[in-house]
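With compact mmCIF, C-alpha atoms inside, this is coords_34.txt:
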```
# COMPACT_ATOMS: atom_id res chain seq x y z
CA MET A 23 -59.45 72.58 -251.91
CA PHE A 24 -57.12 70.13 -250.25
CA LEU A 25 -54.95 72.62 -248.39
CA ALA A 26 -57.33 75.45 -247.66
CA ARG A 27 -58.72 76.29 -244.25
CA ARG A 28 -56.26 74.20 -242.33
CA PHE A 29 -55.95 76.82 -239.59
CA LYS A 30 -58.35 76.45 -236.66
CA HIS A 31 -56.13 78.26 -234.18
CA CYS A 32 -53.66 81.12 -234.53
CA PRO A 33 -50.06 79.82 -234.91
CA THR A 34 -48.86 83.00 -233.20
CA CYS A 35 -50.99 83.08 -230.05
CA GLY A 36 -53.14 79.92 -230.09
CA SER A 37 -56.54 81.67 -230.05
CA PRO A 38 -59.28 80.49 -232.44
CA VAL A 39 -59.13 82.04 -235.93
CA GLU A 40 -61.96 83.01 -238.25
CA TYR A 41 -61.79 83.12 -242.03
CA ARG A 42 -62.46 86.75 -243.00
CA VAL A 43 -61.53 89.05 -245.87
CA PRO A 44 -58.93 91.47 -244.45
CA ALA A 45 -59.02 95.17 -245.35
CA ASP A 46 -57.25 95.74 -248.70
CA ASP A 47 -57.65 92.06 -249.61
CA ASN A 48 -60.18 90.12 -251.66
CA ARG A 49 -59.95 86.62 -250.20
CA GLU A 50 -60.81 85.05 -246.89
CA ARG A 51 -57.76 84.49 -244.68
CA ALA A 52 -57.28 82.85 -241.31
CA THR A 53 -57.56 85.92 -239.07
CA CYS A 54 -56.88 85.91 -235.35
CA LEU A 55 -59.54 87.86 -233.46
CA SER A 56 -57.26 88.00 -230.43
CA CYS A 57 -53.82 89.13 -231.66
CA GLY A 58 -54.86 90.31 -235.13
CA ALA A 59 -52.40 88.12 -237.05
CA ILE A 60 -53.40 87.08 -240.57
CA HIS A 61 -52.21 83.69 -241.81
CA TYR A 62 -51.93 82.97 -245.53
CA GLU A 63 -52.14 79.60 -247.26
CA ASN A 64 -50.46 79.23 -250.63
CA PRO A 65 -49.59 76.48 -253.10
CA ILE A 66 -46.40 74.57 -252.41
CA ASN A 67 -43.82 73.03 -254.72
CA VAL A 68 -42.92 69.42 -255.38
CA VAL A 69 -39.49 69.04 -256.99
CA GLY A 70 -38.04 65.99 -258.69
CA THR A 71 -35.89 64.61 -261.47
CA LEU A 72 -36.15 62.49 -264.58
CA PRO A 73 -32.83 60.60 -264.39
CA VAL A 74 -31.69 58.90 -267.61
CA TRP A 75 -28.97 56.26 -268.08
CA GLY A 76 -27.58 56.05 -271.60
CA ASP A 77 -28.17 58.07 -274.74
CA GLY A 78 -30.66 57.80 -277.57
CA PRO A 79 -33.73 55.58 -277.80
CA ASP A 80 -32.09 52.87 -275.67
CA GLY A 81 -31.57 55.24 -272.75
CA GLN A 82 -33.29 54.02 -269.60
CA VAL A 83 -35.22 56.04 -267.02
CA LEU A 84 -34.97 55.59 -263.27
CA LEU A 85 -38.17 54.88 -261.37
CA CYS A 86 -38.68 54.25 -257.66
CA LYS A 87 -41.27 51.89 -256.18
CA ARG A 88 -42.88 53.71 -253.28
CA ALA A 89 -42.52 52.30 -249.76
CA ILE A 90 -44.91 54.89 -248.32
CA GLU A 91 -48.46 56.11 -248.76
CA PRO A 92 -49.97 57.56 -250.78
CA ARG A 93 -49.59 55.10 -253.65
CA TYR A 94 -47.56 52.49 -251.79
CA GLY A 95 -46.10 50.00 -254.27
CA PHE A 96 -46.56 52.25 -257.30
CA TRP A 97 -43.68 53.65 -259.35
CA THR A 98 -42.60 57.28 -259.29
CA LEU A 99 -39.83 59.56 -260.38
CA PRO A 100 -37.79 60.71 -257.38
CA ALA A 101 -39.58 63.81 -256.05
CA GLY A 102 -40.80 65.48 -252.88
CA PHE A 103 -41.67 68.77 -251.24
CA LEU A 104 -39.27 71.66 -251.71
CA GLU A 105 -37.84 72.70 -248.34
CA LEU A 106 -36.95 76.12 -246.98
CA GLY A 107 -33.27 76.88 -247.51
CA GLU A 108 -32.87 75.24 -250.90
CA THR A 109 -33.37 76.11 -254.56
CA ALA A 110 -35.69 74.04 -256.72
CA ALA A 111 -32.67 72.35 -258.30
CA GLU A 112 -31.11 71.61 -254.91
CA GLY A 113 -34.38 70.13 -253.69
CA ALA A 114 -34.71 67.93 -256.77
CA GLN A 115 -31.16 66.70 -256.30
CA ARG A 116 -31.75 66.01 -252.59
CA GLU A 117 -34.90 64.01 -253.29
CA THR A 118 -33.06 61.96 -255.92
CA ASP A 119 -30.40 61.16 -253.38
CA GLU A 120 -32.86 60.40 -250.56
CA GLU A 121 -35.27 58.25 -252.56
CA ALA A 122 -32.95 56.48 -254.98
CA GLY A 123 -29.41 57.04 -253.73
CA ALA A 124 -28.66 57.90 -257.36
CA GLN A 125 -25.70 59.97 -258.52
CA ILE A 126 -26.79 62.46 -261.17
CA ALA A 127 -25.77 65.47 -263.21
CA LEU A 128 -28.75 67.80 -263.10
CA HIS A 129 -29.92 69.56 -266.26
CA GLU A 130 -32.48 72.28 -266.86
CA LEU A 131 -36.10 72.41 -265.72
CA TYR A 132 -38.15 70.17 -268.00
CA CYS A 133 -41.75 70.14 -266.75
CA LEU A 134 -43.77 72.66 -264.74
CA LEU A 135 -47.12 71.09 -263.87
CA ASN A 136 -49.86 72.94 -262.01
CA VAL A 137 -51.93 70.63 -259.82
CA VAL A 138 -54.45 73.19 -258.69
CA LYS A 139 -56.84 70.88 -256.90
CA VAL A 140 -54.20 69.93 -254.34
CA GLY A 141 -52.53 73.36 -254.26
CA GLN A 142 -49.22 72.19 -255.74
CA ILE A 143 -46.78 72.96 -258.53
CA HIS A 144 -44.61 70.03 -259.62
CA LEU A 145 -41.19 70.88 -261.09
CA TYR A 146 -39.22 68.12 -262.83
CA PHE A 147 -35.62 68.53 -263.97
CA ARG A 148 -33.92 66.31 -266.53
CA ALA A 149 -30.84 64.56 -265.20
CA THR A 150 -28.12 62.22 -266.43
CA LEU A 151 -27.26 59.26 -264.23
CA LEU A 152 -23.55 59.00 -263.50
CA SER A 153 -23.86 55.36 -262.44
CA PRO A 154 -26.46 52.58 -262.76
CA GLU A 155 -26.01 51.71 -259.08
CA PHE A 156 -28.63 52.90 -256.61
CA ASN A 157 -29.01 52.95 -252.87
CA PRO A 158 -32.69 53.60 -252.15
CA GLY A 159 -33.75 55.16 -248.88
CA PRO A 160 -36.57 54.10 -246.55
CA GLU A 161 -39.27 55.69 -248.73
CA THR A 162 -38.41 53.40 -251.65
CA LEU A 163 -38.92 49.63 -251.99
CA GLU A 164 -36.87 49.36 -255.17
CA ALA A 165 -35.08 51.67 -257.61
CA ARG A 166 -34.50 50.39 -261.13
CA LEU A 167 -33.98 51.38 -264.74
CA PHE A 168 -36.66 50.98 -267.40
CA HIS A 169 -36.45 51.03 -271.17
CA GLU A 170 -39.40 52.92 -272.68
CA HIS A 171 -41.22 49.68 -273.59
CA GLU A 172 -40.80 48.37 -270.03
CA VAL A 173 -42.39 51.32 -268.20
CA PRO A 174 -45.26 50.03 -266.01
CA TRP A 175 -47.79 52.63 -267.16
CA ASP A 176 -50.62 51.07 -265.13
CA GLU A 177 -48.54 51.26 -261.96
CA ILE A 178 -47.34 54.86 -262.13
CA ALA A 179 -47.99 56.62 -258.82
CA PHE A 180 -48.93 60.13 -259.96
CA ARG A 181 -50.32 61.85 -263.02
CA THR A 182 -47.45 64.37 -263.04
CA VAL A 183 -44.95 61.51 -263.26
CA ARG A 184 -46.83 59.96 -266.17
CA GLU A 185 -47.05 63.31 -268.00
CA THR A 186 -43.34 64.00 -267.51
CA LEU A 187 -42.35 60.55 -268.79
CA GLN A 188 -44.69 60.78 -271.80
CA ARG A 189 -43.30 64.17 -272.81
CA PHE A 190 -39.74 62.94 -272.49
CA PHE A 191 -40.29 59.84 -274.61
CA GLU A 192 -42.14 61.87 -277.23
CA ASP A 193 -39.45 64.57 -277.42
CA ARG A 194 -36.78 61.90 -277.65
CA ARG A 195 -38.65 59.91 -280.33
CA LEU A 196 -39.13 63.03 -282.46
CA GLY A 197 -35.58 64.28 -281.90
CA ARG A 198 -36.87 67.55 -280.48
CA PRO A 199 -34.67 69.67 -278.22
CA PHE A 200 -35.63 69.27 -274.58
CA GLN A 201 -37.38 72.50 -273.70
CA LEU A 202 -39.66 73.40 -270.84
CA HIS A 203 -43.14 71.87 -270.90
CA SER A 204 -45.86 73.61 -268.91
CA ALA A 205 -49.23 71.98 -268.33
CA ASP A 206 -52.17 71.99 -265.95
CA ILE A 207 -53.27 68.75 -264.32
CA SER A 208 -57.02 68.87 -263.69
CA MET B 28 -34.52 82.20 -242.70
CA PHE B 29 -37.35 84.66 -243.16
CA LEU B 30 -40.25 82.23 -243.07
CA ALA B 31 -39.00 79.49 -240.78
CA ARG B 32 -40.23 78.87 -237.26
CA ARG B 33 -43.30 81.02 -237.59
CA PHE B 34 -45.42 78.55 -235.60
CA LYS B 35 -45.58 79.14 -231.87
CA HIS B 36 -48.92 77.40 -231.40
CA CYS B 37 -50.60 74.49 -233.15
CA PRO B 38 -52.99 75.69 -235.90
CA THR B 39 -55.10 72.58 -235.27
CA CYS B 40 -55.62 72.69 -231.50
CA GLY B 41 -53.93 75.90 -230.26
CA SER B 42 -51.45 74.24 -227.88
CA PRO B 43 -47.79 75.34 -227.90
CA VAL B 44 -45.60 73.60 -230.49
CA GLU B 45 -41.98 72.56 -230.29
CA TYR B 46 -39.57 72.23 -233.20
CA ARG B 47 -38.52 68.57 -233.30
CA VAL B 48 -37.35 66.10 -235.92
CA PRO B 49 -40.29 63.70 -236.46
CA ALA B 50 -39.70 59.97 -236.89
CA ASP B 51 -38.79 59.19 -240.53
CA ASP B 52 -37.81 62.81 -241.12
CA ASN B 53 -34.51 64.69 -241.07
CA ARG B 54 -35.60 68.27 -240.33
CA GLU B 55 -37.11 70.01 -237.37
CA ARG B 56 -40.84 70.65 -237.80
CA ALA B 57 -43.40 72.46 -235.69
CA THR B 58 -44.77 69.53 -233.68
CA CYS B 59 -47.76 69.71 -231.37
CA LEU B 60 -47.08 67.91 -228.09
CA SER B 61 -50.80 67.88 -227.35
CA CYS B 62 -52.56 66.64 -230.49
CA GLY B 63 -49.50 65.30 -232.32
CA ALA B 64 -50.01 67.34 -235.49
CA ILE B 65 -46.91 68.21 -237.50
CA HIS B 66 -46.90 71.50 -239.40
CA TYR B 67 -44.60 72.01 -242.38
CA GLU B 68 -43.21 75.28 -243.71
CA ASN B 69 -42.23 75.44 -247.35
CA PRO B 70 -41.17 78.03 -249.92
CA ILE B 71 -43.97 79.90 -251.65
CA ASN B 72 -44.32 81.27 -255.16
CA VAL B 73 -44.48 84.81 -256.45
CA VAL B 74 -45.95 85.04 -259.95
CA GLY B 75 -45.84 87.97 -262.34
CA THR B 76 -45.55 89.15 -265.92
CA LEU B 77 -43.23 91.11 -268.18
CA PRO B 78 -45.78 92.94 -270.34
CA VAL B 79 -44.46 94.44 -273.60
CA TRP B 80 -46.12 96.98 -275.91
CA GLY B 81 -44.80 96.98 -279.47
CA ASP B 82 -42.29 94.79 -281.28
CA GLY B 83 -38.54 94.96 -281.75
CA PRO B 84 -36.07 97.23 -279.98
CA ASP B 85 -38.66 100.01 -279.65
CA GLY B 86 -41.05 97.79 -277.69
CA GLN B 87 -41.84 99.22 -274.27
CA VAL B 88 -42.16 97.38 -270.96
CA LEU B 89 -44.84 98.03 -268.37
CA LEU B 90 -43.72 98.91 -264.86
CA CYS B 91 -45.81 99.76 -261.79
CA LYS B 92 -44.82 102.26 -259.10
CA ARG B 93 -45.60 100.63 -255.77
CA ALA B 94 -48.17 102.23 -253.46
CA ILE B 95 -47.41 99.77 -250.65
CA GLU B 96 -44.50 98.61 -248.55
CA PRO B 97 -42.05 97.07 -248.96
CA ARG B 98 -40.37 99.37 -251.49
CA TYR B 99 -43.06 102.04 -251.60
CA GLY B 100 -42.45 104.37 -254.55
CA PHE B 101 -40.14 101.95 -256.38
CA TRP B 102 -40.94 100.38 -259.75
CA THR B 103 -41.86 96.74 -260.23
CA LEU B 104 -43.23 94.33 -262.76
CA PRO B 105 -46.78 93.29 -261.82
CA ALA B 106 -46.41 90.31 -259.48
CA GLY B 107 -47.66 88.85 -256.23
CA PHE B 108 -48.15 85.66 -254.25
CA LEU B 109 -49.69 82.70 -256.04
CA GLU B 110 -53.02 81.82 -254.44
CA LEU B 111 -54.64 78.44 -253.83
CA GLY B 112 -57.05 77.59 -256.63
CA GLU B 113 -55.06 79.03 -259.52
CA THR B 114 -52.27 77.98 -261.85
CA ALA B 115 -49.05 79.98 -262.02
CA ALA B 116 -50.22 81.53 -265.31
CA GLU B 117 -53.62 82.41 -263.86
CA GLY B 118 -51.98 84.03 -260.85
CA ALA B 119 -49.63 86.05 -263.05
CA GLN B 120 -52.56 87.25 -265.14
CA ARG B 121 -54.57 88.15 -262.02
CA GLU B 122 -51.72 90.17 -260.55
CA THR B 123 -51.29 92.03 -263.83
CA ASP B 124 -54.97 92.91 -263.76
CA GLU B 125 -54.98 93.86 -260.07
CA GLU B 126 -51.81 95.95 -260.06
CA ALA B 127 -51.89 97.55 -263.51
CA GLY B 128 -55.37 96.99 -264.92
CA ALA B 129 -53.54 95.92 -268.06
CA GLN B 130 -55.01 93.73 -270.78
CA ILE B 131 -52.48 91.12 -271.90
CA ALA B 132 -51.95 87.97 -273.93
CA LEU B 133 -49.84 85.72 -271.72
CA HIS B 134 -46.90 83.80 -273.20
CA GLU B 135 -44.64 81.12 -271.79
CA LEU B 136 -42.71 81.13 -268.52
CA TYR B 137 -39.62 83.29 -268.98
CA CYS B 138 -37.78 83.44 -265.63
CA LEU B 139 -37.66 81.10 -262.65
CA LEU B 140 -35.72 82.76 -259.87
CA ASN B 141 -34.96 81.08 -256.55
CA VAL B 142 -34.83 83.55 -253.67
CA VAL B 143 -33.76 81.10 -251.01
CA LYS B 144 -33.13 83.56 -248.22
CA VAL B 145 -36.79 84.59 -248.12
CA GLY B 146 -38.15 81.14 -249.00
CA GLN B 147 -39.60 82.16 -252.37
CA ILE B 148 -39.57 81.18 -256.02
CA HIS B 149 -40.41 84.01 -258.45
CA LEU B 150 -41.97 83.01 -261.77
CA TYR B 151 -42.24 85.63 -264.52
CA PHE B 152 -44.16 85.09 -267.75
CA ARG B 153 -43.67 87.15 -270.91
CA ALA B 154 -46.81 88.89 -272.07
CA THR B 155 -47.97 91.12 -274.93
CA LEU B 156 -50.02 94.16 -274.01
CA LEU B 157 -53.27 94.37 -275.96
CA SER B 158 -53.68 98.07 -275.18
CA PRO B 159 -51.45 100.87 -273.82
CA GLU B 160 -54.23 101.95 -271.46
CA PHE B 161 -53.95 100.96 -267.80
CA ASN B 162 -56.16 101.10 -264.77
CA PRO B 163 -53.93 100.58 -261.74
CA GLY B 164 -55.38 99.23 -258.52
CA PRO B 165 -54.78 100.48 -254.96
CA GLU B 166 -51.35 98.81 -254.69
CA THR B 167 -50.00 100.93 -257.56
CA LEU B 168 -49.31 104.69 -257.68
CA GLU B 169 -48.72 104.75 -261.43
CA ALA B 170 -48.45 102.26 -264.30
CA ARG B 171 -46.53 103.32 -267.38
CA LEU B 172 -44.51 102.14 -270.35
CA PHE B 173 -40.73 102.45 -270.56
CA HIS B 174 -38.36 102.18 -273.49
CA GLU B 175 -35.21 100.29 -272.54
CA HIS B 176 -33.18 103.51 -272.19
CA GLU B 177 -35.85 105.00 -269.90
CA VAL B 178 -35.94 102.19 -267.32
CA PRO B 179 -35.24 103.66 -263.85
CA TRP B 180 -32.64 101.06 -262.87
CA ASP B 181 -31.87 102.78 -259.57
CA GLU B 182 -35.52 102.72 -258.58
CA ILE B 183 -36.38 99.08 -259.30
CA ALA B 184 -38.13 97.52 -256.31
CA PHE B 185 -36.76 93.98 -256.34
CA ARG B 186 -33.72 92.13 -257.60
CA THR B 187 -35.89 89.54 -259.40
CA VAL B 188 -37.54 92.34 -261.38
CA ARG B 189 -34.16 93.77 -262.36
CA GLU B 190 -32.85 90.33 -263.40
CA THR B 191 -35.94 89.59 -265.47
CA LEU B 192 -35.77 92.94 -267.28
CA GLN B 193 -32.02 92.60 -267.92
CA ARG B 194 -32.46 89.12 -269.43
CA PHE B 195 -35.30 90.31 -271.63
CA PHE B 196 -33.40 93.29 -273.01
CA GLU B 197 -30.32 91.16 -273.62
CA ASP B 198 -32.25 88.40 -275.40
CA ARG B 199 -34.01 91.01 -277.51
CA ARG B 200 -30.81 92.88 -278.36
CA LEU B 201 -29.09 89.65 -279.43
CA GLY B 202 -32.14 88.37 -281.33
CA ARG B 203 -32.18 85.22 -279.23
CA PRO B 204 -35.37 83.16 -278.92
CA PHE B 205 -37.09 83.78 -275.60
CA GLN B 206 -36.44 80.64 -273.59
CA LEU B 207 -36.67 79.94 -269.89
CA HIS B 208 -34.01 81.52 -267.71
CA SER B 209 -33.34 79.96 -264.30
CA ALA B 210 -31.20 81.68 -261.72
CA ASP B 211 -30.59 81.88 -257.99
CA ILE B 212 -30.80 85.21 -256.21
CA SER B 213 -28.43 85.23 -253.26
```
Rendering of file as structure tokens:
Amino acid sequence: MFLARRFKHCPTCGSPVEYRVPADDNRERATCLSCGAIHYENPINVVGTLPVWGDGPDGQVLLCKRAIEPRYGFWTLPAGFLELGETAAEGAQRETDEEAGAQIALHELYCLLNVVKVGQIHLYFRATLLSPEFNPGPETLEARLFHEHEVPWDEIAFRTVRETLQRFFEDRRLGRPFQLHSADIS
Amino acid sequence: MFLARRFKHCPTCGSPVEYRVPADDNRERATCLSCGAIHYENPINVVGTLPVWGDGPDGQVLLCKRAIEPRYGFWTLPAGFLELGETAAEGAQRETDEEAGAQIALHELYCLLNVVKVGQIHLYFRATLLSPEFNPGPETLEARLFHEHEVPWDEIAFRTVRETLQRFFEDRRLGRPFQLHSADIS
């Protein structure tokens, strides 16, 4: 598990921790033998958008070419870690601004993807672009629009991005209403 | 913010941390001046179910009377923190088993509720009870079924539980399909 057992010392007092099952619990937690504090590790959320320019089958999707690792040079939907102090929708909007400098109208949650092996849930919202002009931030080499047939499927950065795009194109092709998709990424 | 600034020492090496804005970042993070590690704090997820016994307006909902703080003695839907190693649906099912000992068939995600001030997202799934027999665990004083008119609205433990129940009863009363509700709890 990517994120588990990242505590070696107690964030409260600095003493070494041990992983033990606390009383009234059933999992090992980082437990401080000095001050008694118990520190939990839980999955975190990645929030992003699927921004679309134009209606119908000719509508284009916005992708960002990553200027950072992991997956430098690969294409992604704008997304990043949800921060304290914001809702999932606010976080998705912030990431879209930071990574693409795109102006959007945010719609409902479209994909909820569990990525258990890295301890993450990815939440993608549909969005309508208000302009085809972008102003990418330092984490993005290039932000551009793609028709469905132009999407660089072999250069997509993350499986959750691929799954979100595939579901969108399929729903659009079949004329289905855009409802929440939930899936587990193994 | 409830969960912010909980690091006083570095979980990696135990030295004191300071909250600073790292290079290429725009928020203060717990930064270790000794080993250089940066420690992030992010919202976490609470997952639970809305278990229903019986169809139509006579269908009853399962509530659990809490045997632990906070809100000892108040009624809640079965729910708890999502753990590493499980999907949101798996966590919701586990909590339903642990808190109520209820056998359920889990359905789709029904409510996504942002509780920004405590750094949480609450995810509630609809579920059908397979039996009206329960076997509550140590966190629950009593698990029982309630018709809509019996729900103890003044003794509901959490606002997200109240909001989820209210949406369910309204959707059911109006004969609406059960689709995802998203809301922010201020």
Selected residue of minimal separation from B:Tyr67 among B:Gly83, B:Gly164, B:Arg98, B:Arg32, counting all atoms listed in the file: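 When distances to B:Tyr67 are compared using all atoms listed in the file, the smallest one comes from B:Arg32.
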Test item: chain B residues at most 6 Å from chain A, counting all atoms listed in the file, as a ChimeraX atom specification: /B:34-39,41,69-71,110-114,141,143,146
Pick from A:Gly70, A:Gln188, A:Gly58, A:Asp77 nearest to A:Glu112, counting all atoms listed in the file: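 Answer, going by the shortest atom-to-atom distance: A:Gly70.
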Neighbourhood query: residues within 9 Å of (-36.6, 55.0, -260.1), file coordinates, counting all atoms listed in the file; return as a compact mmCIF listing (two decimals) with C-alpha atoms, in the frame of the given file.
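Printed below is selection-v1.txt as written:
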```txt
# COMPACT_ATOMS: atom_id res chain seq x y z
CA LEU A 72 -36.15 62.49 -264.58
CA PRO A 73 -32.83 60.60 -264.39
CA VAL A 83 -35.22 56.04 -267.02
CA LEU A 84 -34.97 55.59 -263.27
CA LEU A 85 -38.17 54.88 -261.37
CA CYS A 86 -38.68 54.25 -257.66
CA LYS A 87 -41.27 51.89 -256.18
CA TRP A 97 -43.68 53.65 -259.35
CA THR A 98 -42.60 57.28 -259.29
CA LEU A 99 -39.83 59.56 -260.38
CA PRO A 100 -37.79 60.71 -257.38
CA THR A 118 -33.06 61.96 -255.92
CA GLU A 121 -35.27 58.25 -252.56
CA ALA A 122 -32.95 56.48 -254.98
CA ALA A 124 -28.66 57.90 -257.36
CA PHE A 156 -28.63 52.90 -256.61
CA PRO A 158 -32.69 53.60 -252.15
CA THR A 162 -38.41 53.40 -251.65
CA GLU A 164 -36.87 49.36 -255.17
CA ALA A 165 -35.08 51.67 -257.61
CA ARG A 166 -34.50 50.39 -261.13
CA LEU A 167 -33.98 51.38 -264.74
CA PHE A 168 -36.66 50.98 -267.40
```
Separation of atom CA of B:Asp124 from atom CA of A:Leu145 in Å: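 So the two atoms, atom CA of A:Leu145 and atom CA of B:Asp124, lie 26.1 Å apart.
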Ref. answer, residues at most 7 Å from (-43.4, 49.3, -262.1) with all atoms listed in the file, as a list in words: Lys87, Phe96, Trp97, Val173, Pro174, Glu177 and Ile178 of chain A
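Between atom CA of A:Ser153 and atom CA of A:Ala114 the separation is 17.5 Å.
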Distance in Å - atom CA of A:Ala149 versus atom CA of A:Leu196: 19.2 Å
Distance query A:Pro44 at most 9 Å, all atoms listed in the file, self and fewer than 4 positions along chain excluded, as JSON, numbers by chain: {"A": [48, 49, 50, 51, 53, 60]}
